[in-house]
Amino acid sequence: MSDLDTRPPELALRSLDTGAPEELLLTARRVYLGKATEVARALPDRSIRMIGAWCFLDHYGPEDVADGPGMRVWAHPHTGLQTVSWLLAGEIEHRDSLGSQARVRPGELNVMTAGRGIVHSELSPPDKPPVMHGLQLWVALPEADRDGPPRFETFTDLPPLSLPGARGQVLVGAVDGVTSPAQGRTPLCAADVVLDAGADVTLRVDPDFEHGVFVAEGAVQVEGTATAVDQLLYLGTGRRQVRLRSAGGGRVLLLGGQPFEEEVVMWWNFLGRSHAEVAAYREAWERREDRFPPVVERGERVMEAPPMPTVPLKPRPRRRVLP
Ligand code: MN
């Protein structure tokens, strides 16, 4: 996925001054990735830019791609972050400058660590299933790891979550006592939870983490707030559990992490710490410097970076300070 957001959304604020744990209802905005794919972007939000180190959340589909090209995200670079690809339906082909060629499939987690630099493409394969539905997330790498070596990993053995009326998988870290083989570079968690009609479940979570629940299907009562598809309920820190209820059934992504205290500059597909650093990444991509080697199959298209904004990019904290 690729980021170039110029229109941050409005948000609804709830229970900020009551002393109760926070519940902020955020609504994803629609963003076009090239011509073919429209996504709902929930992070970064105008107010809540990150949940732990989770700094980007795109939801695409469900979309009938039987007669169309499907996903066409041509080769593009990343720095300073990890991409986490999670498919709910369909299949995507991932290729990168390490030589990785992977099929991204439902139930399997793909984690690409950009570190100092990587290039990848995400394309629907010619034999794609008719429905495409998925989530793409980015994780900000901390100072100690952000210039490290690039890496691509597939986790096919994610542990199941099993509760009365709900089931799912733990993608990253630990949720409700179930631990994934995939771990963050800062303390982090994520779980995909499918709720039956009439479900009422409570997940145990780490009170040191801030959490959020994104709805990918159906309608879900998250703690005290009714939440619909493409909404993200931000839950703040200090919770030991998260209650999910659904009358008609639904599917959510629970995200959490230790608040990420480094201020970052996020622009296009780069994550850095200053305007000058991001401008240098852009320049290196333009010149196809060694930081950004070509993907494994040549001849495919490449995404060019947009011009740098005329106003300097400022490092930003994880959330906007409200008046
Ligand atoms: Mn990407």
# chains A, B, ... in the order shown; residues from 1 in each chain; ligands from 1
>>> closest_atom_pairs(of="chain A", to="ligand 1", cutoff="9 Å", atoms="only C-alpha atoms and all ligand atoms", output="CSV")
residue,atom,partner,partner_atom_place_in_ligand_line,distance
A:Met1,CA,ligand 1,1 (Mn),3.9
A:Ser2,CA,ligand 1,1 (Mn),5.3
A:Asp3,CA,ligand 1,1 (Mn),8.5
A:Val73,CA,ligand 1,1 (Mn),7.7
A:Trp74,CA,ligand 1,1 (Mn),8.8
A:Ala75,CA,ligand 1,1 (Mn),8.0
A:His76,CA,ligand 1,1 (Mn),6.4
A:Pro77,CA,ligand 1,1 (Mn),6.9
A:His78,CA,ligand 1,1 (Mn),6.6
A:Thr83,CA,ligand 1,1 (Mn),6.9
A:Val119,CA,ligand 1,1 (Mn),7.8
A:His120,CA,ligand 1,1 (Mn),6.3
A:Ser121,CA,ligand 1,1 (Mn),6.8
A:Glu122,CA,ligand 1,1 (Mn),7.4
A:Gln136,CA,ligand 1,1 (Mn),8.8
A:Trp138,CA,ligand 1,1 (Mn),8.9
A:Asn269,CA,ligand 1,1 (Mn),6.8
>>> residues_around(residues="Leu163 in chain A", least_positions_apart="6", cutoff="12 Å", atoms="only C-alpha atoms", output="PyMOL selection string")
chain A and resi 169+176-178+193-196+199-204+244
>>> residues_around(residues="Cys189 in chain A", least_positions_apart="6", cutoff="6 Å", atoms="only C-alpha atoms", output="ChimeraX atom specification")
/A:172-174,255-257
>>> residues_around(residues="Arg245 in chain A", least_positions_apart="3", cutoff="10 Å", atoms="only C-alpha atoms", output="PyMOL selection string")
chain A and resi 165-166+195-202+219-224+226+248-250
>>> write_last_selection(atoms="N, CA, C and O atoms", output="mmCIF file, in the first residue's frame")
data_model
loop_
_atom_site.group_PDB
_atom_site.id
_atom_site.type_symbol
_atom_site.label_atom_id
_atom_site.label_comp_id
_atom_site.auth_asym_id
_atom_site.auth_seq_id
_atom_site.Cartn_x
_atom_site.Cartn_y
_atom_site.Cartn_z
ATOM 1 N N GLY A 165 -19.068 -18.164 20.968
ATOM 2 C CA GLY A 165 -19.672 -17.184 20.069
ATOM 3 C C GLY A 165 -18.675 -16.411 19.230
ATOM 4 O O GLY A 165 -19.068 -15.536 18.464
ATOM 5 N N ALA A 166 -17.409 -16.724 19.359
ATOM 6 C CA ALA A 166 -16.398 -15.991 18.577
ATOM 7 C C ALA A 166 -15.167 -16.856 18.360
ATOM 8 O O ALA A 166 -14.858 -17.733 19.169
ATOM 9 N N LEU A 195 -17.202 -12.624 15.058
ATOM 10 C CA LEU A 195 -18.267 -12.730 16.064
ATOM 11 C C LEU A 195 -19.517 -13.320 15.424
ATOM 12 O O LEU A 195 -19.985 -12.838 14.385
ATOM 13 N N ASP A 196 -20.076 -14.344 16.066
ATOM 14 C CA ASP A 196 -21.364 -14.879 15.623
ATOM 15 C C ASP A 196 -22.472 -13.887 15.973
ATOM 16 O O ASP A 196 -22.296 -13.034 16.849
ATOM 17 N N ALA A 197 -23.632 -14.044 15.317
ATOM 18 C CA ALA A 197 -24.811 -13.275 15.719
ATOM 19 C C ALA A 197 -25.115 -13.591 17.182
ATOM 20 O O ALA A 197 -25.117 -14.751 17.588
ATOM 21 N N GLY A 198 -25.289 -12.538 17.977
ATOM 22 C CA GLY A 198 -25.589 -12.724 19.396
ATOM 23 C C GLY A 198 -24.353 -12.861 20.279
ATOM 24 O O GLY A 198 -24.487 -13.052 21.489
ATOM 25 N N ALA A 199 -23.178 -12.724 19.703
ATOM 26 C CA ALA A 199 -21.947 -12.897 20.489
ATOM 27 C C ALA A 199 -21.806 -11.816 21.560
ATOM 28 O O ALA A 199 -22.186 -10.657 21.359
ATOM 29 N N ASP A 200 -21.252 -12.205 22.689
ATOM 30 C CA ASP A 200 -20.904 -11.274 23.768
ATOM 31 C C ASP A 200 -19.644 -11.825 24.412
ATOM 32 O O ASP A 200 -19.711 -12.748 25.217
ATOM 33 N N VAL A 201 -18.491 -11.291 23.995
ATOM 34 C CA VAL A 201 -17.221 -11.846 24.462
ATOM 35 C C VAL A 201 -16.357 -10.759 25.081
ATOM 36 O O VAL A 201 -16.499 -9.568 24.770
ATOM 37 N N THR A 202 -15.477 -11.177 25.956
ATOM 38 C CA THR A 202 -14.539 -10.265 26.597
ATOM 39 C C THR A 202 -13.128 -10.805 26.404
ATOM 40 O O THR A 202 -12.857 -11.957 26.735
ATOM 41 N N ALA A 219 -21.690 -5.150 12.339
ATOM 42 C CA ALA A 219 -21.830 -4.070 13.311
ATOM 43 C C ALA A 219 -21.521 -4.652 14.683
ATOM 44 O O ALA A 219 -21.991 -5.733 15.022
ATOM 45 N N VAL A 220 -20.717 -3.918 15.449
ATOM 46 C CA VAL A 220 -20.213 -4.459 16.713
ATOM 47 C C VAL A 220 -20.308 -3.383 17.791
ATOM 48 O O VAL A 220 -19.916 -2.230 17.570
ATOM 49 N N GLN A 221 -20.824 -3.769 18.924
ATOM 50 C CA GLN A 221 -20.797 -2.898 20.098
ATOM 51 C C GLN A 221 -19.447 -3.133 20.775
ATOM 52 O O GLN A 221 -19.190 -4.212 21.310
ATOM 53 N N VAL A 222 -18.586 -2.133 20.708
ATOM 54 C CA VAL A 222 -17.266 -2.253 21.323
ATOM 55 C C VAL A 222 -17.317 -1.485 22.636
ATOM 56 O O VAL A 222 -17.495 -0.260 22.618
ATOM 57 N N GLU A 223 -17.203 -2.173 23.751
ATOM 58 C CA GLU A 223 -17.429 -1.540 25.055
ATOM 59 C C GLU A 223 -18.759 -0.776 24.991
ATOM 60 O O GLU A 223 -19.762 -1.394 24.694
ATOM 61 N N GLY A 224 -18.775 0.542 25.194
ATOM 62 C CA GLY A 224 -20.038 1.270 25.233
ATOM 63 C C GLY A 224 -20.460 1.909 23.923
ATOM 64 O O GLY A 224 -21.414 2.689 23.900
ATOM 65 N N ALA A 226 -21.500 1.775 19.772
ATOM 66 C CA ALA A 226 -21.921 1.047 18.570
ATOM 67 C C ALA A 226 -20.995 1.434 17.426
ATOM 68 O O ALA A 226 -20.800 2.615 17.132
ATOM 69 N N GLY A 248 -25.947 -9.049 15.050
ATOM 70 C CA GLY A 248 -26.066 -9.723 13.758
ATOM 71 C C GLY A 248 -24.791 -10.388 13.270
ATOM 72 O O GLY A 248 -24.753 -10.930 12.172
ATOM 73 N N GLY A 249 -23.725 -10.315 14.053
ATOM 74 C CA GLY A 249 -22.435 -10.886 13.659
ATOM 75 C C GLY A 249 -21.520 -9.821 13.090
ATOM 76 O O GLY A 249 -21.970 -8.767 12.632
ATOM 77 N N GLY A 250 -20.235 -10.090 13.145
ATOM 78 C CA GLY A 250 -19.268 -9.108 12.637
ATOM 79 C C GLY A 250 -17.857 -9.649 12.698
ATOM 80 O O GLY A 250 -17.614 -10.792 13.120
#
>>> residues_around(residues="Trp285 in chain A", least_positions_apart="5", cutoff="8 Å", atoms="only C-alpha atoms", output="PyMOL selection string")
chain A and resi 77+291-292+305
>>> residues_around(residues="Thr179 in chain A", least_positions_apart="4", cutoff="12 Å", atoms="only C-alpha atoms", output="VMD selection string")
chain A and resid 157 to 161 169 to 175 183 to 184 188 to 191 205
>>> write_last_selection(atoms="all heavy atoms", output="tab-separated table (two decimals), in the first residue's frame")
chain	number	residue	atom	x	y	z
A	157	ASP	N	1.44	-20.27	10.88
A	157	ASP	CA	1.04	-21.06	12.06
A	157	ASP	C	0.51	-20.17	13.18
A	157	ASP	O	0.84	-20.35	14.35
A	157	ASP	CB	2.25	-21.85	12.55
A	157	ASP	CG	3.47	-20.95	12.81
A	157	ASP	OD1	3.44	-19.77	12.38
A	157	ASP	OD2	4.43	-21.42	13.45
A	158	LEU	N	-0.32	-19.18	12.82
A	158	LEU	CA	-0.87	-18.30	13.85
A	158	LEU	C	-1.82	-19.07	14.75
A	158	LEU	O	-2.61	-19.88	14.28
A	158	LEU	CB	-1.61	-17.14	13.19
A	158	LEU	CG	-0.78	-16.23	12.29
A	158	LEU	CD1	-1.66	-15.13	11.71
A	158	LEU	CD2	0.39	-15.63	13.05
A	159	PRO	N	-1.75	-18.81	16.05
A	159	PRO	CA	-2.60	-19.57	16.98
A	159	PRO	C	-4.06	-19.10	16.93
A	159	PRO	O	-4.33	-17.92	16.74
A	159	PRO	CB	-1.97	-19.26	18.34
A	159	PRO	CG	-1.34	-17.93	18.17
A	159	PRO	CD	-0.88	-17.86	16.74
A	160	PRO	N	-4.98	-20.06	17.11
A	160	PRO	CA	-6.39	-19.69	17.12
A	160	PRO	C	-6.81	-19.05	18.43
A	160	PRO	O	-6.26	-19.35	19.49
A	160	PRO	CB	-7.11	-21.02	16.91
A	160	PRO	CG	-6.18	-22.04	17.45
A	160	PRO	CD	-4.78	-21.51	17.24
A	161	LEU	N	-7.81	-18.17	18.33
A	161	LEU	CA	-8.52	-17.65	19.49
A	161	LEU	C	-9.87	-18.34	19.47
A	161	LEU	O	-10.54	-18.36	18.43
A	161	LEU	CB	-8.77	-16.16	19.32
A	161	LEU	CG	-7.89	-15.13	20.00
A	161	LEU	CD1	-8.43	-13.74	19.64
A	161	LEU	CD2	-7.86	-15.30	21.50
A	169	GLN	N	-7.83	-15.35	15.21
A	169	GLN	CA	-6.41	-15.67	15.28
A	169	GLN	C	-5.68	-14.49	15.90
A	169	GLN	O	-6.04	-13.33	15.65
A	169	GLN	CB	-5.85	-15.92	13.87
A	169	GLN	CG	-6.26	-17.25	13.26
A	169	GLN	CD	-5.83	-17.35	11.82
A	169	GLN	OE1	-6.41	-16.72	10.94
A	169	GLN	NE2	-4.79	-18.13	11.57
A	170	VAL	N	-4.64	-14.80	16.64
A	170	VAL	CA	-3.76	-13.74	17.13
A	170	VAL	C	-2.66	-13.55	16.10
A	170	VAL	O	-1.94	-14.47	15.75
A	170	VAL	CB	-3.18	-14.09	18.51
A	170	VAL	CG1	-2.21	-13.00	18.98
A	170	VAL	CG2	-4.30	-14.26	19.53
A	171	LEU	N	-2.60	-12.33	15.57
A	171	LEU	CA	-1.64	-12.03	14.49
A	171	LEU	C	-0.27	-11.68	15.05
A	171	LEU	O	0.76	-12.15	14.55
A	171	LEU	CB	-2.15	-10.85	13.66
A	171	LEU	CG	-3.21	-11.09	12.59
A	171	LEU	CD1	-4.40	-11.88	13.09
A	171	LEU	CD2	-3.66	-9.76	12.00
A	172	VAL	N	-0.25	-10.79	16.02
A	172	VAL	CA	1.01	-10.25	16.56
A	172	VAL	C	0.89	-10.16	18.07
A	172	VAL	O	-0.16	-9.77	18.59
A	172	VAL	CB	1.29	-8.85	15.97
A	172	VAL	CG1	2.55	-8.25	16.58
A	172	VAL	CG2	1.40	-8.89	14.45
A	173	GLY	N	1.96	-10.51	18.77
A	173	GLY	CA	1.97	-10.38	20.22
A	173	GLY	C	1.00	-11.35	20.88
A	173	GLY	O	0.76	-12.44	20.37
A	174	ALA	N	0.42	-10.93	22.01
A	174	ALA	CA	-0.49	-11.79	22.77
A	174	ALA	C	-1.81	-11.09	23.02
A	174	ALA	O	-1.85	-9.90	23.33
A	174	ALA	CB	0.15	-12.18	24.10
A	175	VAL	N	-2.90	-11.83	22.87
A	175	VAL	CA	-4.25	-11.34	23.17
A	175	VAL	C	-5.00	-12.45	23.89
A	175	VAL	O	-4.99	-13.60	23.42
A	175	VAL	CB	-5.01	-10.94	21.89
A	175	VAL	CG1	-6.47	-10.60	22.21
A	175	VAL	CG2	-4.34	-9.75	21.20
A	183	GLN	N	6.16	-11.13	16.62
A	183	GLN	CA	6.27	-10.16	17.72
A	183	GLN	C	6.72	-8.81	17.17
A	183	GLN	O	7.45	-8.77	16.19
A	183	GLN	CB	7.30	-10.64	18.75
A	183	GLN	CG	6.89	-11.93	19.46
A	183	GLN	CD	5.68	-11.75	20.37
A	183	GLN	OE1	5.56	-10.73	21.06
A	183	GLN	NE2	4.76	-12.71	20.36
A	184	GLY	N	6.28	-7.74	17.80
A	184	GLY	CA	6.68	-6.41	17.38
A	184	GLY	C	8.08	-6.06	17.86
A	184	GLY	O	8.61	-6.70	18.76
A	188	LEU	N	3.54	-4.94	21.19
A	188	LEU	CA	2.48	-4.75	20.19
A	188	LEU	C	1.56	-5.97	20.20
A	188	LEU	O	2.00	-7.08	20.50
A	188	LEU	CB	3.18	-4.69	18.83
A	188	LEU	CG	2.64	-3.84	17.71
A	188	LEU	CD1	2.52	-2.39	18.14
A	188	LEU	CD2	3.57	-3.95	16.50
A	189	CYS	N	0.30	-5.77	19.82
A	189	CYS	CA	-0.57	-6.93	19.63
A	189	CYS	C	-1.59	-6.64	18.53
A	189	CYS	O	-1.88	-5.48	18.20
A	189	CYS	CB	-1.30	-7.33	20.92
A	189	CYS	SG	-2.61	-6.21	21.43
A	190	ALA	N	-2.12	-7.73	17.96
A	190	ALA	CA	-3.23	-7.64	17.00
A	190	ALA	C	-3.93	-8.99	16.96
A	190	ALA	O	-3.27	-10.03	17.05
A	190	ALA	CB	-2.72	-7.28	15.60
A	191	ALA	N	-5.26	-8.93	16.84
A	191	ALA	CA	-6.03	-10.17	16.69
A	191	ALA	C	-7.20	-9.91	15.76
A	191	ALA	O	-7.80	-8.83	15.77
A	191	ALA	CB	-6.53	-10.67	18.04
A	205	VAL	N	-6.69	-8.04	27.90
A	205	VAL	CA	-5.62	-7.30	27.22
A	205	VAL	C	-4.67	-6.68	28.24
A	205	VAL	O	-4.97	-6.62	29.43
A	205	VAL	CB	-6.19	-6.20	26.29
A	205	VAL	CG1	-7.01	-6.81	25.16
A	205	VAL	CG2	-7.00	-5.17	27.08
>>> select_by_dssp(residues="range 60-188 of chain A", states="strand (DSSP E)", output="number ranges by chain")
A: 60-64, 72-78, 81-89, 92-96, 101-104, 109-113, 118-123, 131-140, 151-155, 160-163, 166-172, 174-175, 178-179, 188
>>> select_by_dssp(residues="range 74-287 of chain A", states="alpha helix (DSSP H)", output="ChimeraX atom specification")
/A:275-286
>>> atom_distance(atom1="CA of Ser162 in chain A", atom2="CA of Asp192 in chain A")
11.2 Å
>>> atom_distance(atom1="CA of Asp58 in chain A", atom2="CA of Pro126 in chain A")
23.2 Å
>>> residues_around(residues="range 63-72 of chain A", least_positions_apart="2", cutoff="12 Å", atoms="only C-alpha atoms", output="short mmCIF file (atom, residue, chain, number, x, y, z; two decimals) with N, CA, C and O atoms, in the first residue's frame")
data_model
loop_
_atom_site.label_atom_id
_atom_site.label_comp_id
_atom_site.auth_asym_id
_atom_site.auth_seq_id
_atom_site.Cartn_x
_atom_site.Cartn_y
_atom_site.Cartn_z
N MET A 1 0.84 -1.19 0.00
CA MET A 1 0.00 0.00 0.00
C MET A 1 0.88 1.24 0.00
O MET A 1 2.06 1.19 0.23
N SER A 2 0.24 2.33 -0.20
CA SER A 2 0.97 3.53 -0.49
C SER A 2 0.18 4.71 0.09
O SER A 2 -1.02 4.73 -0.02
N TYR A 32 -8.14 6.65 -2.90
CA TYR A 32 -7.87 5.86 -4.09
C TYR A 32 -6.40 5.54 -4.20
O TYR A 32 -5.56 6.43 -4.09
N LEU A 33 -6.10 4.27 -4.43
CA LEU A 33 -4.73 3.84 -4.72
C LEU A 33 -4.66 3.61 -6.22
O LEU A 33 -5.11 2.57 -6.70
N GLY A 34 -4.15 4.55 -6.96
CA GLY A 34 -4.19 4.43 -8.41
C GLY A 34 -5.63 4.42 -8.87
O GLY A 34 -6.52 4.96 -8.21
N LYS A 35 -5.90 3.78 -10.00
CA LYS A 35 -7.25 3.79 -10.56
C LYS A 35 -8.08 2.62 -10.06
O LYS A 35 -9.30 2.70 -9.98
N ALA A 36 -7.42 1.52 -9.74
CA ALA A 36 -8.15 0.27 -9.57
C ALA A 36 -8.74 0.08 -8.19
O ALA A 36 -9.81 -0.50 -8.04
N THR A 37 -8.07 0.56 -7.16
CA THR A 37 -8.45 0.14 -5.82
C THR A 37 -8.80 1.33 -4.94
O THR A 37 -8.03 2.28 -4.84
N GLU A 38 -9.96 1.23 -4.30
CA GLU A 38 -10.38 2.22 -3.32
C GLU A 38 -10.28 1.59 -1.94
O GLU A 38 -10.66 0.43 -1.77
N VAL A 39 -9.75 2.33 -1.00
CA VAL A 39 -9.59 1.79 0.35
C VAL A 39 -10.22 2.72 1.38
O VAL A 39 -10.46 3.90 1.11
N HIS A 59 -8.27 -0.60 4.82
CA HIS A 59 -9.21 -1.71 4.63
C HIS A 59 -9.71 -1.64 3.20
O HIS A 59 -10.20 -0.61 2.76
N TYR A 60 -9.55 -2.74 2.45
CA TYR A 60 -10.03 -2.75 1.06
C TYR A 60 -10.98 -3.92 0.84
O TYR A 60 -10.81 -4.99 1.40
N GLY A 61 -12.00 -3.66 0.05
CA GLY A 61 -13.00 -4.67 -0.24
C GLY A 61 -13.99 -4.83 0.90
O GLY A 61 -13.99 -4.02 1.82
N TRP A 74 1.99 -1.09 -7.94
CA TRP A 74 3.28 -1.36 -8.59
C TRP A 74 4.43 -1.09 -7.64
O TRP A 74 4.25 -0.53 -6.55
N ALA A 75 5.62 -1.47 -8.08
CA ALA A 75 6.81 -1.41 -7.22
C ALA A 75 7.01 -0.02 -6.63
O ALA A 75 6.98 0.99 -7.34
N HIS A 76 7.19 0.00 -5.32
CA HIS A 76 7.40 1.27 -4.60
C HIS A 76 8.26 0.99 -3.37
O HIS A 76 8.30 -0.14 -2.89
N LEU A 88 -8.63 -11.19 4.23
CA LEU A 88 -9.84 -11.84 4.71
C LEU A 88 -10.42 -12.74 3.62
O LEU A 88 -11.11 -13.71 3.90
N ALA A 89 -10.17 -12.37 2.36
CA ALA A 89 -10.59 -13.19 1.22
C ALA A 89 -9.71 -12.83 0.04
O ALA A 89 -9.22 -11.71 -0.07
N GLY A 90 -9.51 -13.81 -0.86
CA GLY A 90 -8.76 -13.55 -2.08
C GLY A 90 -7.30 -13.94 -1.96
O GLY A 90 -6.91 -14.69 -1.06
N GLU A 91 -6.51 -13.40 -2.86
CA GLU A 91 -5.09 -13.73 -2.90
C GLU A 91 -4.35 -12.58 -3.57
O GLU A 91 -4.82 -12.01 -4.55
N ILE A 92 -3.19 -12.23 -3.01
CA ILE A 92 -2.36 -11.15 -3.56
C ILE A 92 -0.94 -11.71 -3.73
O ILE A 92 -0.47 -12.49 -2.91
N GLU A 93 -0.30 -11.29 -4.79
CA GLU A 93 1.08 -11.70 -4.98
C GLU A 93 2.02 -10.58 -4.54
O GLU A 93 1.89 -9.44 -5.00
N HIS A 94 2.91 -10.93 -3.65
CA HIS A 94 3.90 -9.98 -3.14
C HIS A 94 5.26 -10.30 -3.76
O HIS A 94 5.68 -11.45 -3.79
N HIS A 120 8.75 -3.08 -2.99
CA HIS A 120 7.85 -4.22 -3.23
C HIS A 120 6.68 -3.83 -4.12
O HIS A 120 6.39 -2.66 -4.32
N SER A 121 6.05 -4.86 -4.67
CA SER A 121 4.80 -4.67 -5.41
C SER A 121 3.77 -5.64 -4.87
O SER A 121 4.11 -6.69 -4.30
N GLU A 122 2.50 -5.25 -5.01
CA GLU A 122 1.38 -6.08 -4.56
C GLU A 122 0.36 -6.12 -5.68
O GLU A 122 -0.28 -5.11 -5.99
N LEU A 123 0.24 -7.28 -6.30
CA LEU A 123 -0.61 -7.42 -7.48
C LEU A 123 -1.53 -8.62 -7.33
O LEU A 123 -1.11 -9.67 -6.79
N SER A 124 -2.76 -8.49 -7.82
CA SER A 124 -3.61 -9.66 -7.90
C SER A 124 -3.02 -10.60 -8.94
O SER A 124 -2.68 -10.15 -10.04
N PRO A 125 -2.90 -11.89 -8.64
CA PRO A 125 -2.35 -12.83 -9.62
C PRO A 125 -3.38 -13.11 -10.71
O PRO A 125 -4.57 -12.87 -10.52
N PRO A 126 -2.93 -13.62 -11.87
CA PRO A 126 -3.87 -13.89 -12.97
C PRO A 126 -4.97 -14.87 -12.57
O PRO A 126 -6.11 -14.74 -13.01
N ASP A 127 -4.66 -15.80 -11.69
CA ASP A 127 -5.65 -16.80 -11.27
C ASP A 127 -6.33 -16.41 -9.97
O ASP A 127 -6.66 -17.26 -9.14
N LYS A 128 -6.56 -15.10 -9.79
CA LYS A 128 -7.09 -14.62 -8.51
C LYS A 128 -8.50 -15.14 -8.23
O LYS A 128 -9.31 -15.29 -9.16
N PRO A 129 -8.83 -15.37 -6.95
CA PRO A 129 -10.21 -15.67 -6.59
C PRO A 129 -11.09 -14.45 -6.87
O PRO A 129 -10.58 -13.33 -6.97
N PRO A 130 -12.42 -14.64 -7.01
CA PRO A 130 -13.28 -13.53 -7.43
C PRO A 130 -13.44 -12.40 -6.42
O PRO A 130 -13.75 -11.28 -6.79
N VAL A 131 -13.24 -12.68 -5.14
CA VAL A 131 -13.45 -11.64 -4.13
C VAL A 131 -12.13 -11.30 -3.45
O VAL A 131 -11.37 -12.18 -3.06
N MET A 132 -11.88 -9.98 -3.34
CA MET A 132 -10.68 -9.49 -2.66
C MET A 132 -11.12 -8.69 -1.44
O MET A 132 -11.96 -7.79 -1.54
N HIS A 133 -10.56 -9.01 -0.29
CA HIS A 133 -10.93 -8.32 0.95
C HIS A 133 -9.75 -8.42 1.90
O HIS A 133 -9.28 -9.53 2.19
N GLY A 134 -9.26 -7.28 2.36
CA GLY A 134 -8.10 -7.38 3.23
C GLY A 134 -7.78 -6.12 4.00
O GLY A 134 -8.45 -5.09 3.89
N GLU A 300 8.11 -4.85 -14.62
CA GLU A 300 6.83 -4.39 -14.10
C GLU A 300 6.93 -2.90 -13.78
O GLU A 300 8.00 -2.33 -13.69
N ARG A 301 5.78 -2.31 -13.63
CA ARG A 301 5.77 -0.87 -13.49
C ARG A 301 6.25 -0.44 -12.11
O ARG A 301 6.23 -1.20 -11.16
N VAL A 302 6.64 0.81 -12.05
CA VAL A 302 7.21 1.39 -10.83
C VAL A 302 6.41 2.65 -10.50
O VAL A 302 6.01 3.39 -11.38
N MET A 303 6.16 2.87 -9.22
CA MET A 303 5.47 4.08 -8.79
C MET A 303 6.49 5.19 -8.54
O MET A 303 7.45 4.97 -7.79
#
>>> closest_residue(among="A:Gly117, A:Pro312, A:Pro21, A:Pro207", to="Gln258 in chain A", atoms="only C-alpha atoms")
A:Pro207
>>> atom_distance(atom1="CA of Glu289 in chain A", atom2="CA of Leu141 in chain A")
21.9 Å
>>> closest_residue(among="A:Pro150, A:Pro181, A:Pro307, A:Gly236", to="Leu24 in chain A", atoms="only C-alpha atoms")
A:Gly236
>>> closest_atom_pairs(of="range 197-266 of chain A", to="range 46-57 of chain A", cutoff="10 Å", atoms="only C-alpha atoms", output="Markdown table")
| residue | atom | partner | partner_atom | distance |
| --- | --- | --- | --- | --- |
| A:Phe209 | CA | A:Gly52 | CA | 7.0 |
| A:Glu210 | CA | A:Ile51 | CA | 6.2 |
| A:His211 | CA | A:Ile51 | CA | 6.3 |
| A:Gly212 | CA | A:Ile51 | CA | 6.9 |
| A:Phe214 | CA | A:Leu57 | CA | 9.1 |
| A:Leu232 | CA | A:Leu57 | CA | 9.9 |
| A:Tyr234 | CA | A:Ile48 | CA | 8.0 |
| A:Leu235 | CA | A:Ile51 | CA | 9.4 |
| A:Gly236 | CA | A:Ile51 | CA | 8.5 |
| A:Thr237 | CA | A:Ile51 | CA | 9.9 |
| A:Leu255 | CA | A:Ile51 | CA | 7.0 |
| A:Gly256 | CA | A:Gly52 | CA | 5.8 |
| A:Gly257 | CA | A:Gly52 | CA | 3.7 |
| A:Gln258 | CA | A:Gly52 | CA | 4.8 |
| A:Pro259 | CA | A:Gly52 | CA | 4.4 |
| A:Phe260 | CA | A:Gly52 | CA | 5.2 |
| A:Glu261 | CA | A:Gly52 | CA | 8.8 |
| A:Glu262 | CA | A:Ala53 | CA | 9.6 |
| A:Val264 | CA | A:Cys55 | CA | 9.9 |
| A:Met266 | CA | A:Cys55 | CA | 8.9 |
>>> closest_residue(among="A:Ala279, A:Gly218, A:Asn110, A:Pro164", to="Arg95 in chain A", atoms="only C-alpha atoms")
A:Asn110
